[in-house]
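J.: Supplied structure: protein-v8.tsv, TSV, C-alpha atoms.
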```tsv
chain	number	residue	atom	x	y	z
A	1	VAL	CA	47.89	-113.39	105.19
A	2	GLU	CA	44.42	-111.85	105.11
A	3	LEU	CA	42.54	-112.64	101.93
A	4	PRO	CA	40.72	-109.86	100.05
A	5	PRO	CA	36.91	-109.85	100.29
A	6	SER	CA	35.04	-111.92	97.75
A	7	THR	CA	33.75	-109.97	94.76
A	8	GLY	CA	30.95	-112.38	93.89
A	9	ALA	CA	28.27	-114.41	95.59
A	10	ALA	CA	29.07	-118.02	96.30
A	11	PRO	CA	27.11	-120.51	94.20
A	12	PRO	CA	24.20	-122.14	96.03
A	13	PRO	CA	24.93	-125.59	97.46
A	14	VAL	CA	23.63	-128.58	95.57
A	15	ALA	CA	20.60	-130.06	97.27
A	16	ALA	CA	20.65	-133.75	98.20
A	17	GLY	CA	17.95	-134.54	95.66
A	18	ASP	CA	19.57	-132.52	92.87
A	19	ALA	CA	22.51	-134.78	92.15
A	20	GLY	CA	21.85	-134.68	88.42
A	21	SER	CA	20.90	-137.46	86.05
A	22	PHE	CA	22.01	-138.95	82.77
A	23	ALA	CA	19.12	-137.22	81.03
A	24	ASP	CA	20.58	-133.82	82.05
A	25	LEU	CA	23.35	-134.40	79.52
A	26	PHE	CA	20.74	-134.09	76.77
A	27	ARG	CA	18.89	-131.06	78.12
A	28	ALA	CA	19.70	-127.45	77.28
A	29	PRO	CA	22.30	-126.03	77.48
A	30	TYR	CA	24.30	-129.28	77.74
A	31	ARG	CA	22.71	-131.10	74.79
A	32	ARG	CA	24.88	-129.24	72.29
A	33	ARG	CA	28.01	-129.87	74.33
A	34	THR	CA	27.29	-133.57	74.74
A	35	LEU	CA	26.68	-133.88	71.00
A	36	MET	CA	29.91	-132.01	70.32
A	37	PHE	CA	31.99	-134.26	72.57
A	38	ILE	CA	30.40	-137.42	71.15
A	39	VAL	CA	31.18	-136.36	67.57
A	40	GLN	CA	34.70	-135.41	68.62
A	41	GLN	CA	35.27	-138.87	70.06
A	42	LEU	CA	33.73	-140.64	67.08
A	43	PHE	CA	36.51	-139.19	64.91
A	44	MET	CA	39.37	-138.24	67.21
A	45	PRO	CA	40.55	-141.76	68.16
A	46	VAL	CA	40.72	-142.80	64.50
A	47	ALA	CA	43.10	-139.97	63.66
A	48	PHE	CA	44.97	-139.55	66.96
A	49	TYR	CA	45.70	-143.17	67.83
A	50	GLY	CA	45.68	-144.22	64.20
A	51	PHE	CA	48.56	-141.97	63.26
A	52	ALA	CA	50.57	-142.86	66.36
A	53	ALA	CA	50.10	-146.61	65.92
A	54	TRP	CA	50.36	-146.79	62.14
A	55	VAL	CA	53.34	-144.52	61.50
A	56	PRO	CA	55.77	-147.43	60.85
A	57	THR	CA	53.28	-149.09	58.48
A	58	LEU	CA	52.64	-145.81	56.66
A	59	LEU	CA	56.36	-145.26	56.27
A	60	ILE	CA	56.81	-148.77	54.87
A	61	ALA	CA	53.97	-148.03	52.44
A	62	LYS	CA	56.00	-145.02	51.28
A	63	GLY	CA	58.83	-147.42	50.35
A	64	ILE	CA	61.00	-146.89	53.44
A	65	ALA	CA	62.78	-149.98	54.78
A	66	VAL	CA	61.44	-151.59	57.94
A	67	THR	CA	64.46	-150.73	60.09
A	68	GLN	CA	64.47	-147.12	58.90
A	69	SER	CA	60.72	-146.78	59.38
A	70	LEU	CA	60.99	-147.89	63.01
A	71	PHE	CA	63.76	-145.36	63.62
A	72	TYR	CA	61.78	-142.56	61.98
A	73	ALA	CA	58.70	-143.54	64.00
A	74	PHE	CA	60.82	-143.36	67.15
A	75	LEU	CA	61.94	-139.82	66.30
A	76	ILE	CA	58.36	-138.77	65.59
A	77	ALA	CA	57.13	-140.30	68.85
A	78	LEU	CA	59.67	-138.27	70.84
A	79	ALA	CA	57.58	-135.17	70.13
A	80	GLN	CA	54.61	-136.60	72.02
A	81	PRO	CA	55.76	-135.77	75.59
A	82	LEU	CA	57.29	-132.45	74.53
A	83	CYS	CA	54.08	-130.88	73.22
A	84	PRO	CA	52.32	-130.53	76.61
A	85	LEU	CA	55.45	-128.79	77.89
A	86	VAL	CA	55.34	-126.35	74.99
A	87	MET	CA	51.64	-125.79	75.69
A	88	LEU	CA	52.62	-124.28	79.04
A	89	LEU	CA	53.33	-121.13	77.03
A	90	PHE	CA	49.76	-120.70	75.74
A	91	ALA	CA	47.38	-123.26	77.28
A	92	ASP	CA	45.68	-120.69	79.54
A	93	ARG	CA	46.09	-117.67	77.27
A	94	PHE	CA	43.67	-118.69	74.52
A	95	ASP	CA	40.21	-120.21	74.60
A	96	ARG	CA	40.39	-123.98	74.51
A	97	LYS	CA	37.66	-124.01	71.87
A	98	TRP	CA	40.02	-122.29	69.45
A	99	GLN	CA	43.00	-124.40	70.51
A	100	ILE	CA	41.03	-127.48	69.46
A	101	ALA	CA	39.93	-125.82	66.22
A	102	PHE	CA	43.45	-124.67	65.34
A	103	GLY	CA	44.95	-128.05	66.21
A	104	GLY	CA	42.35	-129.86	64.11
A	105	VAL	CA	42.85	-127.76	60.97
A	106	ALA	CA	46.65	-127.81	61.37
A	107	SER	CA	46.65	-131.58	61.82
A	108	ALA	CA	44.44	-132.08	58.76
A	109	LEU	CA	46.82	-130.09	56.57
A	110	LEU	CA	50.01	-131.48	58.05
A	111	ILE	CA	48.93	-135.11	57.71
A	112	LEU	CA	48.35	-134.56	54.01
A	113	GLY	CA	51.77	-132.94	53.76
A	114	PHE	CA	53.25	-135.95	55.54
A	115	ALA	CA	51.73	-138.29	52.95
A	116	LEU	CA	53.21	-136.34	50.04
A	117	GLN	CA	56.81	-136.25	51.28
A	118	THR	CA	59.53	-138.53	49.94
A	119	ASP	CA	62.60	-136.97	51.52
A	120	PRO	CA	63.32	-138.74	54.85
A	121	VAL	CA	64.10	-135.49	56.68
A	122	LEU	CA	60.82	-133.90	55.57
A	123	VAL	CA	58.93	-137.08	56.42
A	124	VAL	CA	60.23	-136.93	59.99
A	125	LEU	CA	59.65	-133.17	60.31
A	126	PHE	CA	56.08	-133.42	59.07
A	127	GLY	CA	55.51	-136.39	61.36
A	128	ILE	CA	56.75	-134.39	64.34
A	129	ALA	CA	54.54	-131.45	63.34
A	130	VAL	CA	51.50	-133.73	63.13
A	131	THR	CA	52.33	-135.16	66.55
A	132	PHE	CA	52.54	-131.66	68.04
A	133	SER	CA	49.29	-130.44	66.49
A	134	LYS	CA	47.25	-133.53	67.37
A	135	THR	CA	48.54	-133.44	70.93
A	136	ILE	CA	47.33	-129.85	71.20
A	137	ILE	CA	43.83	-131.11	70.40
A	138	THR	CA	43.72	-133.96	72.88
A	139	THR	CA	45.30	-131.91	75.68
A	140	ALA	CA	42.88	-129.05	75.11
A	141	ILE	CA	39.89	-131.43	75.05
A	142	ALA	CA	41.03	-133.00	78.33
A	143	CYS	CA	40.83	-129.53	79.94
A	144	TYR	CA	37.77	-128.37	78.00
A	145	MET	CA	35.43	-131.21	78.85
A	146	PRO	CA	35.38	-130.72	82.67
A	147	GLU	CA	34.79	-127.01	82.15
A	148	CYS	CA	31.70	-127.63	80.01
A	149	TYR	CA	29.70	-129.56	82.63
A	150	PRO	CA	28.63	-128.65	86.16
A	151	THR	CA	29.85	-130.81	89.02
A	152	ARG	CA	26.57	-132.72	89.36
A	153	ILE	CA	26.82	-134.29	85.87
A	154	ARG	CA	30.52	-133.94	85.07
A	155	GLY	CA	31.32	-137.56	85.84
A	156	ARG	CA	28.41	-138.85	83.77
A	157	GLY	CA	29.35	-136.67	80.83
A	158	HIS	CA	32.99	-137.67	80.94
A	159	GLY	CA	32.07	-141.34	81.31
A	160	LEU	CA	29.74	-141.28	78.30
A	161	VAL	CA	32.18	-139.49	76.04
A	162	TYR	CA	35.19	-141.52	77.17
A	163	GLY	CA	33.21	-144.71	76.53
A	164	VAL	CA	32.55	-143.59	72.96
A	165	SER	CA	36.26	-142.86	72.58
A	166	ARG	CA	37.27	-146.36	73.73
A	167	VAL	CA	34.82	-148.05	71.36
A	168	MET	CA	36.11	-146.03	68.42
A	169	ALA	CA	39.72	-146.70	69.39
A	170	ALA	CA	38.96	-150.43	69.21
A	171	LEU	CA	37.21	-150.12	65.84
A	172	SER	CA	39.75	-147.81	64.23
A	173	GLY	CA	42.28	-150.55	63.42
A	174	PRO	CA	40.15	-152.44	60.86
A	175	VAL	CA	38.95	-149.15	59.34
A	176	ILE	CA	42.52	-147.91	58.85
A	177	ALA	CA	43.68	-151.27	57.52
A	178	PHE	CA	40.87	-151.25	54.94
A	179	ALA	CA	41.68	-147.68	53.87
A	180	LEU	CA	45.38	-148.51	53.49
A	181	ALA	CA	44.70	-151.66	51.46
A	182	ALA	CA	42.10	-150.00	49.24
A	183	TYR	CA	43.48	-146.49	48.78
A	184	GLY	CA	47.09	-146.48	49.97
A	185	ILE	CA	48.79	-143.93	52.17
A	186	LEU	CA	46.95	-141.01	50.57
A	187	GLY	CA	43.64	-142.65	51.43
A	188	VAL	CA	44.67	-143.19	55.05
A	189	SER	CA	45.96	-139.64	55.28
A	190	ALA	CA	42.67	-138.34	53.88
A	191	LEU	CA	40.85	-140.40	56.53
A	192	PHE	CA	43.01	-138.93	59.29
A	193	GLY	CA	42.84	-135.41	57.89
A	194	GLY	CA	39.08	-135.55	57.46
A	195	SER	CA	38.67	-136.81	61.02
A	196	PHE	CA	40.79	-133.96	62.39
A	197	PHE	CA	38.79	-131.46	60.38
A	198	VAL	CA	35.46	-132.80	61.69
A	199	VAL	CA	36.75	-132.41	65.25
A	200	ALA	CA	37.68	-128.80	64.53
A	201	ALA	CA	34.39	-128.00	62.76
A	202	VAL	CA	32.06	-129.45	65.39
A	203	THR	CA	33.96	-127.62	68.13
A	204	VAL	CA	33.62	-124.28	66.34
A	205	LEU	CA	29.90	-124.86	65.67
A	206	LEU	CA	28.81	-126.23	69.04
A	207	GLY	CA	31.49	-125.46	71.61
A	208	PRO	CA	30.97	-122.74	74.23
A	209	ARG	CA	33.55	-120.09	75.00
A	210	VAL	CA	35.30	-120.74	78.32
A	211	HIS	CA	38.34	-118.47	78.49
A	212	GLY	CA	38.08	-115.84	81.23
A	213	ARG	CA	34.69	-117.12	82.42
A	214	THR	CA	33.82	-118.74	85.72
A	215	LEU	CA	32.32	-122.22	85.88
A	216	GLU	CA	29.07	-120.67	87.08
A	217	HIS	CA	28.81	-118.59	83.91
A	218	ILE	CA	29.83	-121.47	81.64
A	219	ASN	CA	27.36	-123.82	83.32
A	220	PRO	CA	24.32	-121.71	84.25
A	221	ALA	CA	22.07	-124.54	85.47
```
Translate this file's structure into structure tokens.

T.:
Amino acid sequence: VELPPSTGAAPPPVAAGDAGSFADLFRAPYRRRTLMFIVQQLFMPVAFYGFAAWVPTLLIAKGIAVTQSLFYAFLIALAQPLCPLVMLLFADRFDRKWQIAFGGVASALLILGFALQTDPVLVVLFGIAVTFSKTIITTAIACYMPECYPTRIRGRGHGLVYGVSRVMAALSGPVIAFALAAYGILGVSALFGGSFFVVAAVTVLLGPRVHGRTLEHINPA
């Protein structure tokens, strides 16, 4: 099959001496993006992994028996692999910037709703809704990050941000335990909700638009 003629000029090849450097992550226009991703990963692991790992403990704190809490946590966890499948319907139809923003705000509100529920059915439904919304964020970020860096510094950018994420994931446990002991489930939910909201806010403020744009336009230099 003969391909149609190209409608645009091919990007110039990267010269051998222009492989990029770590400092490029903090030069315009990538400084804002690097800052955005770092802030995202300072807060995202606390809320994302915190909710997933602490659901049984949070349910016990609500007065639910241990055996019931484990069963409810199992039902909530079942939503985790289903969300990316549902995202097939809209993942490439809307800008990932706004997917992250919507998921962050929705997660912040839903996690507070989860904390206020006493009926077991509503507890599970809110837990599933939180799982769906927070998975929208992390899936969108996984696609968004490679789009926001050119090839020459993409690996460095991803490595830096992912390193921040792993450090925060390790530190989140003691932070959540302190919040639960000091302020109860509402305090933990406020911590999670505030973290989700920060992720949404920093993305709206600093994130570039990527939908319908080529990598050359997103990453001009």

J.: Just give me the gap between atom CA of A:Leu112 and atom CA of A:Met44 in Å, one decimal is fine.

T.: 16.4 Å

J.: So that I can check the surroundings of A:Gly184, please list as a list in words every protein, DNA and RNA residue that reaches within 10 Å of it, counting all atoms listed in the file and ignoring chain neighbours fewer than 5 positions away.

T.: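 After dropping sequence-adjacent residues, the list is Leu58, Ala61, Lys62, Ala115, Ala177, Phe178, Ala179 and Ser189 of chain A.
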
J.: Point out the residue among A:His211, A:Leu160, A:Asp119, A:Glu216 with the least atom-to-atom distance to A:Val39, counting only C-alpha atoms.

T.: A:Leu160

J.: Using only C-alpha atoms and a cutoff of 6 Å, can you tell me which residues are near (33.8, -142.4, 68.9) in the file's coordinates, and write them out as a list in words?

T.: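 Residues with an atom at most 6 Å from (33.8, -142.4, 68.9): Gln41, Leu42, Phe43, Val164, Ser165 and Met168 of chain A.
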
J.: Select, from A:Arg93, A:Gly157, A:Phe102, A:Leu78, the residue with the minimum atom-to-atom distance to A:Val124, counting only C-alpha atoms.

T.: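 For A:Val124, the nearest of the candidates is A:Leu78.
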
J.: My list of candidates is A:Leu205, A:Lys134, A:Ile185, A:Cys83. Which is closest to A:Val105 when distances are computed with only C-alpha atoms?

T.: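 Closest to A:Val105, using only C-alpha atoms: A:Lys134.
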
J.: Hey, what's within 12 Å of A:Ser195 if we count all atoms listed in the file and toss same-chain stuff fewer than 6 positions away? As a list of chain:residue names, please?

T.: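 What passes the distance filter is A:Val39, A:Gln40, A:Gln41, A:Leu42, A:Phe43, A:Met44, A:Pro45, A:Val46, A:Ala47, A:Phe48, A:Tyr49, A:Gly50, A:Phe51, A:Gly103, A:Gly104, A:Val105, A:Ser107, A:Ala108, A:Leu109, A:Ile111, A:Lys134, A:Ser172, A:Ile176, A:Val188, A:Ser189, A:Ala201, A:Val202.
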
J.: Centre and edge lengths, as AutoDock Vina command-line options, for the axis-aligned box enclosing every listed atom of stretch 72-80 of chain A with 3 Å of padding on each of the six sides, in Å to one decimal?

T.:
```
--center_x 58.3 --center_y -139.4 --center_z 67.0 --size_x 13.3 --size_y 14.4 --size_z 16.0
```

J.: Residues near A:Thr67, anyone? I mean within 12 Å using all atoms listed in the file, not counting same-chain ones fewer than 6 positions away, as a list in words.

T.: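 My list of contacting residues is Pro56, Thr57, Leu59, Ile60, Ala73 and Phe74 of chain A.
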
J.: Report the distance between atom CA of A:Tyr30 and atom CA of A:Ile136 in Å, rounded to one decimal place.

T.: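 It comes out at 23.9 Å.
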
J.: Can I get N, CA, C and O atoms for stretch 183-207 of chain A, as a tab-separated table (two decimals), in the first residue's frame?

T.:
```tsv
chain	number	residue	atom	x	y	z
A	183	TYR	N	-5.47	12.21	64.39
A	183	TYR	CA	-6.69	12.86	63.92
A	183	TYR	C	-7.76	11.90	63.44
A	183	TYR	O	-8.83	12.36	63.01
A	184	GLY	N	-7.52	10.61	63.47
A	184	GLY	CA	-8.53	9.64	63.08
A	184	GLY	C	-8.71	9.56	61.57
A	184	GLY	O	-7.94	10.13	60.79
A	185	ILE	N	-9.77	8.88	61.17
A	185	ILE	CA	-9.99	8.64	59.74
A	185	ILE	C	-10.27	9.93	58.98
A	185	ILE	O	-9.89	10.06	57.81
A	186	LEU	N	-10.92	10.89	59.63
A	186	LEU	CA	-11.16	12.17	58.95
A	186	LEU	C	-9.84	12.89	58.67
A	186	LEU	O	-9.68	13.53	57.63
A	187	GLY	N	-8.91	12.79	59.59
A	187	GLY	CA	-7.61	13.41	59.38
A	187	GLY	C	-6.84	12.77	58.23
A	187	GLY	O	-6.24	13.46	57.41
A	188	VAL	N	-6.88	11.43	58.18
A	188	VAL	CA	-6.21	10.72	57.09
A	188	VAL	C	-6.88	11.06	55.76
A	188	VAL	O	-6.21	11.27	54.74
A	189	SER	N	-8.19	11.09	55.75
A	189	SER	CA	-8.92	11.41	54.53
A	189	SER	C	-8.63	12.83	54.07
A	189	SER	O	-8.51	13.09	52.86
A	190	ALA	N	-8.49	13.75	55.02
A	190	ALA	CA	-8.12	15.12	54.66
A	190	ALA	C	-6.71	15.16	54.07
A	190	ALA	O	-6.44	15.91	53.12
A	191	LEU	N	-5.81	14.34	54.61
A	191	LEU	CA	-4.45	14.24	54.07
A	191	LEU	C	-4.49	13.73	52.64
A	191	LEU	O	-3.84	14.30	51.74
A	192	PHE	N	-5.24	12.65	52.42
A	192	PHE	CA	-5.35	12.10	51.07
A	192	PHE	C	-6.02	13.09	50.12
A	192	PHE	O	-5.55	13.33	49.00
A	193	GLY	N	-7.14	13.67	50.57
A	193	GLY	CA	-7.87	14.60	49.72
A	193	GLY	C	-7.05	15.83	49.38
A	193	GLY	O	-7.04	16.29	48.23
A	194	GLY	N	-6.32	16.37	50.37
A	194	GLY	CA	-5.47	17.52	50.10
A	194	GLY	C	-4.36	17.19	49.13
A	194	GLY	O	-4.01	18.00	48.26
A	195	SER	N	-3.81	15.98	49.23
A	195	SER	CA	-2.74	15.56	48.31
A	195	SER	C	-3.28	15.47	46.89
A	195	SER	O	-2.62	15.92	45.94
A	196	PHE	N	-4.45	14.87	46.73
A	196	PHE	CA	-5.06	14.77	45.40
A	196	PHE	C	-5.32	16.16	44.82
A	196	PHE	O	-5.11	16.40	43.63
A	197	PHE	N	-5.78	17.06	45.67
A	197	PHE	CA	-6.09	18.41	45.18
A	197	PHE	C	-4.83	19.14	44.74
A	197	PHE	O	-4.84	19.87	43.74
A	198	VAL	N	-3.73	18.98	45.47
A	198	VAL	CA	-2.47	19.61	45.08
A	198	VAL	C	-2.02	19.10	43.72
A	198	VAL	O	-1.55	19.87	42.87
A	199	VAL	N	-2.15	17.79	43.50
A	199	VAL	CA	-1.79	17.21	42.20
A	199	VAL	C	-2.60	17.86	41.09
A	199	VAL	O	-2.06	18.23	40.03
A	200	ALA	N	-3.91	18.01	41.31
A	200	ALA	CA	-4.76	18.63	40.31
A	200	ALA	C	-4.38	20.09	40.07
A	200	ALA	O	-4.27	20.55	38.93
A	201	ALA	N	-4.14	20.83	41.16
A	201	ALA	CA	-3.87	22.27	41.04
A	201	ALA	C	-2.56	22.53	40.33
A	201	ALA	O	-2.48	23.41	39.44
A	202	VAL	N	-1.50	21.81	40.68
A	202	VAL	CA	-0.20	22.07	40.06
A	202	VAL	C	-0.21	21.70	38.58
A	202	VAL	O	0.47	22.32	37.76
A	203	THR	N	-1.02	20.70	38.23
A	203	THR	CA	-1.13	20.31	36.82
A	203	THR	C	-1.84	21.40	36.01
A	203	THR	O	-1.42	21.72	34.89
A	204	VAL	N	-2.90	21.96	36.57
A	204	VAL	CA	-3.62	23.03	35.88
A	204	VAL	C	-2.73	24.26	35.72
A	204	VAL	O	-2.71	24.91	34.67
A	205	LEU	N	-1.96	24.59	36.75
A	205	LEU	CA	-1.14	25.80	36.74
A	205	LEU	C	0.10	25.68	35.84
A	205	LEU	O	0.47	26.64	35.17
A	206	LEU	N	0.72	24.52	35.82
A	206	LEU	CA	2.02	24.39	35.16
A	206	LEU	C	2.03	23.44	33.96
A	206	LEU	O	2.99	23.46	33.18
A	207	GLY	N	1.03	22.62	33.81
A	207	GLY	CA	1.06	21.60	32.77
A	207	GLY	C	0.76	22.15	31.39
A	207	GLY	O	-0.16	22.96	31.22
```
